[in-house]
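In what follows, a structure is listed as structure tokens, so that the remarks can point back to it.
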Amino acid sequence: MGTVDYFERKLDEKRRLTIPTELRDKFKTGAVVTRGFGKYLHLYPKHVWDEQVEPRLAGDILDERIADLNVQFRMGKVDGALDDKQGRITIEQHLLDYAGIDKYVIAVGVGHYWRVMAKE
């Protein structure tokens, strides 16, 4: 089976995003949702966040760029487990507002994480 690098979803009334069945194994350690660099969100498998993002955010304590990245990615950061039955993660309203997402989202794989955007 090929990898899923694009999916569309409608958030449910509780702001939950259903992760495609084919991807749920990647998220067995949990999921992290953060603001992106632009008007979109980043969705990381928890182990990718822990192994690849956290070490980069540690950086030099006096490096302003590192500090800015910490603010960008930690402001409103949400992490948690997918619910067992449906493979869903709840996205906080302030993150949806940041990305201009109402109900419909598209997610595009960019390497080891997904960019989650409003469906135009």
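Each chain of the structure tokens is named A, B, ... in the order shown, its residues numbered from 1; ligands are numbered from 1 in display order.
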
Using only C-alpha atoms, which residues sit within 12 Å of A:Asn70 once same-chain residues fewer than 6 positions away are excluded, as a PDB file with C-alpha atoms, in the first residue's frame?
```
ATOM      1  CA  THR A  34       0.882  23.510  16.154  1.00  0.00           C
ATOM      2  CA  ARG A  35       0.666  26.737  14.225  1.00  0.00           C
ATOM      3  CA  GLY A  36       2.508  26.560  10.934  1.00  0.00           C
ATOM      4  CA  PHE A  37       4.810  29.141   9.370  1.00  0.00           C
ATOM      5  CA  VAL A  53      11.385  19.107  16.404  1.00  0.00           C
ATOM      6  CA  GLU A  54      12.171  19.333  20.134  1.00  0.00           C
ATOM      7  CA  PRO A  55      15.952  18.999  19.658  1.00  0.00           C
ATOM      8  CA  ARG A  56      15.876  21.792  17.049  1.00  0.00           C
ATOM      9  CA  LEU A  57      13.834  24.034  19.347  1.00  0.00           C
ATOM     10  CA  ALA A  58      16.357  23.531  22.155  1.00  0.00           C
ATOM     11  CA  GLY A  59      19.055  25.321  20.127  1.00  0.00           C
ATOM     12  CA  ASP A  60      21.179  28.156  21.472  1.00  0.00           C
ATOM     13  CA  ILE A  61      19.537  29.862  24.450  1.00  0.00           C
ATOM     14  CA  ASP A  63      19.562  32.694  19.455  1.00  0.00           C
ATOM     15  CA  GLU A  64      16.603  34.944  18.715  1.00  0.00           C
ATOM     16  CA  GLY A  76      -1.341  26.917  21.341  1.00  0.00           C
ATOM     17  CA  LYS A  77       0.491  23.617  20.790  1.00  0.00           C
TER      18      LYS A  77
END
```

Residues within 12 Å of A:Glu22, only C-alpha atoms, excluding chain neighbours under 3 positions, as a tab-separated table (two decimals) with N, CA, C and O atoms, in the first residue's frame:
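That gives us selection.tsv:
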```tsv
chain	number	residue	atom	x	y	z
A	1	MET	N	0.84	-1.20	0.00
A	1	MET	CA	0.00	0.00	0.00
A	1	MET	C	0.88	1.25	0.00
A	1	MET	O	1.85	1.33	0.73
A	2	GLY	N	0.51	2.22	-0.82
A	2	GLY	CA	1.26	3.48	-0.89
A	2	GLY	C	1.01	4.33	0.34
A	2	GLY	O	0.08	4.10	1.10
A	3	THR	N	1.84	5.31	0.49
A	3	THR	CA	1.69	6.20	1.63
A	3	THR	C	0.62	7.25	1.31
A	3	THR	O	0.46	7.65	0.17
A	4	VAL	N	-0.10	7.66	2.32
A	4	VAL	CA	-1.12	8.70	2.14
A	4	VAL	C	-0.45	10.05	2.35
A	4	VAL	O	0.04	10.33	3.44
A	5	ASP	N	-0.39	10.86	1.28
A	5	ASP	CA	0.23	12.17	1.46
A	5	ASP	C	-0.74	13.31	1.18
A	5	ASP	O	-0.34	14.46	1.11
A	6	TYR	N	-2.02	12.98	1.07
A	6	TYR	CA	-3.05	14.01	0.91
A	6	TYR	C	-4.38	13.43	1.39
A	6	TYR	O	-4.70	12.30	1.07
A	7	PHE	N	-5.09	14.20	2.20
A	7	PHE	CA	-6.44	13.78	2.55
A	7	PHE	C	-7.30	14.99	2.85
A	7	PHE	O	-6.78	16.06	3.18
A	18	THR	N	-10.44	13.39	11.92
A	18	THR	CA	-10.25	11.95	11.81
A	18	THR	C	-9.02	11.67	10.94
A	18	THR	O	-8.95	12.12	9.80
A	19	ILE	N	-8.08	10.95	11.51
A	19	ILE	CA	-6.86	10.57	10.78
A	19	ILE	C	-7.18	9.35	9.92
A	19	ILE	O	-7.80	8.40	10.40
A	25	ASP	N	-1.16	4.16	12.30
A	25	ASP	CA	0.03	3.56	12.90
A	25	ASP	C	1.11	4.60	13.17
A	25	ASP	O	1.81	4.53	14.17
A	26	LYS	N	1.24	5.57	12.26
A	26	LYS	CA	2.25	6.62	12.44
A	26	LYS	C	1.95	7.47	13.68
A	26	LYS	O	2.84	8.08	14.25
A	27	PHE	N	0.68	7.49	14.09
A	27	PHE	CA	0.26	8.33	15.21
A	27	PHE	C	-0.01	7.52	16.48
A	27	PHE	O	-0.64	8.01	17.39
A	28	LYS	N	0.51	6.28	16.53
A	28	LYS	CA	0.21	5.46	17.72
A	28	LYS	C	0.83	6.04	18.98
A	28	LYS	O	0.36	5.77	20.08
A	87	GLY	N	-9.93	7.18	15.66
A	87	GLY	CA	-8.66	7.75	15.22
A	87	GLY	C	-8.73	9.25	15.04
A	87	GLY	O	-8.24	9.80	14.07
```

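Atom CA of A:Ala81 lies 13.4 Å from atom CA of A:Trp49.
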
- Message: So that I can check the secondary structure, give me every residue of stretch 23-71 of chain A assigned helix (DSSP H, G or I) by backbone DSSP, as an MDAnalysis selection string.
- Response: chainID A and resid 23:27 46:58 64:71

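Within the 7 Å cut-off around A:Lys46, using only C-alpha atoms and omitting residues fewer than 3 positions from it on the same chain, the listed residues are Phe27, Thr29, Gly30, Ala31, Val32, Trp49 and Asp50 of chain A.
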
- Message: Can you pull out the residues contacting A:Gln86? Cut-off 10 Å, using only C-alpha atoms, and skip same-chain residues under 5 positions away; I want them as a ChimeraX atom specification.
- Response: /A:16-21,24

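With only C-alpha atoms as the atoms that count, the residue of A:His94, A:His42, A:Arg15, A:Lys85 with the shortest distance to A:Phe73 is A:His42.
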
- Apply DSSP to the backbone of this structure and, from chain A, keep only the residues in strand (DSSP E); write these as a ChimeraX atom specification. /A:6-10,16-18,31-35,41-45,78-80,88-90,104-110,113-118

- Go through A:Asp84, A:Glu51, A:Glu8, A:Asp79 and flag the residue nearest A:Met117, using only C-alpha atoms for the distances.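 Looking at the shortest contact to A:Met117, the residue is A:Glu8.
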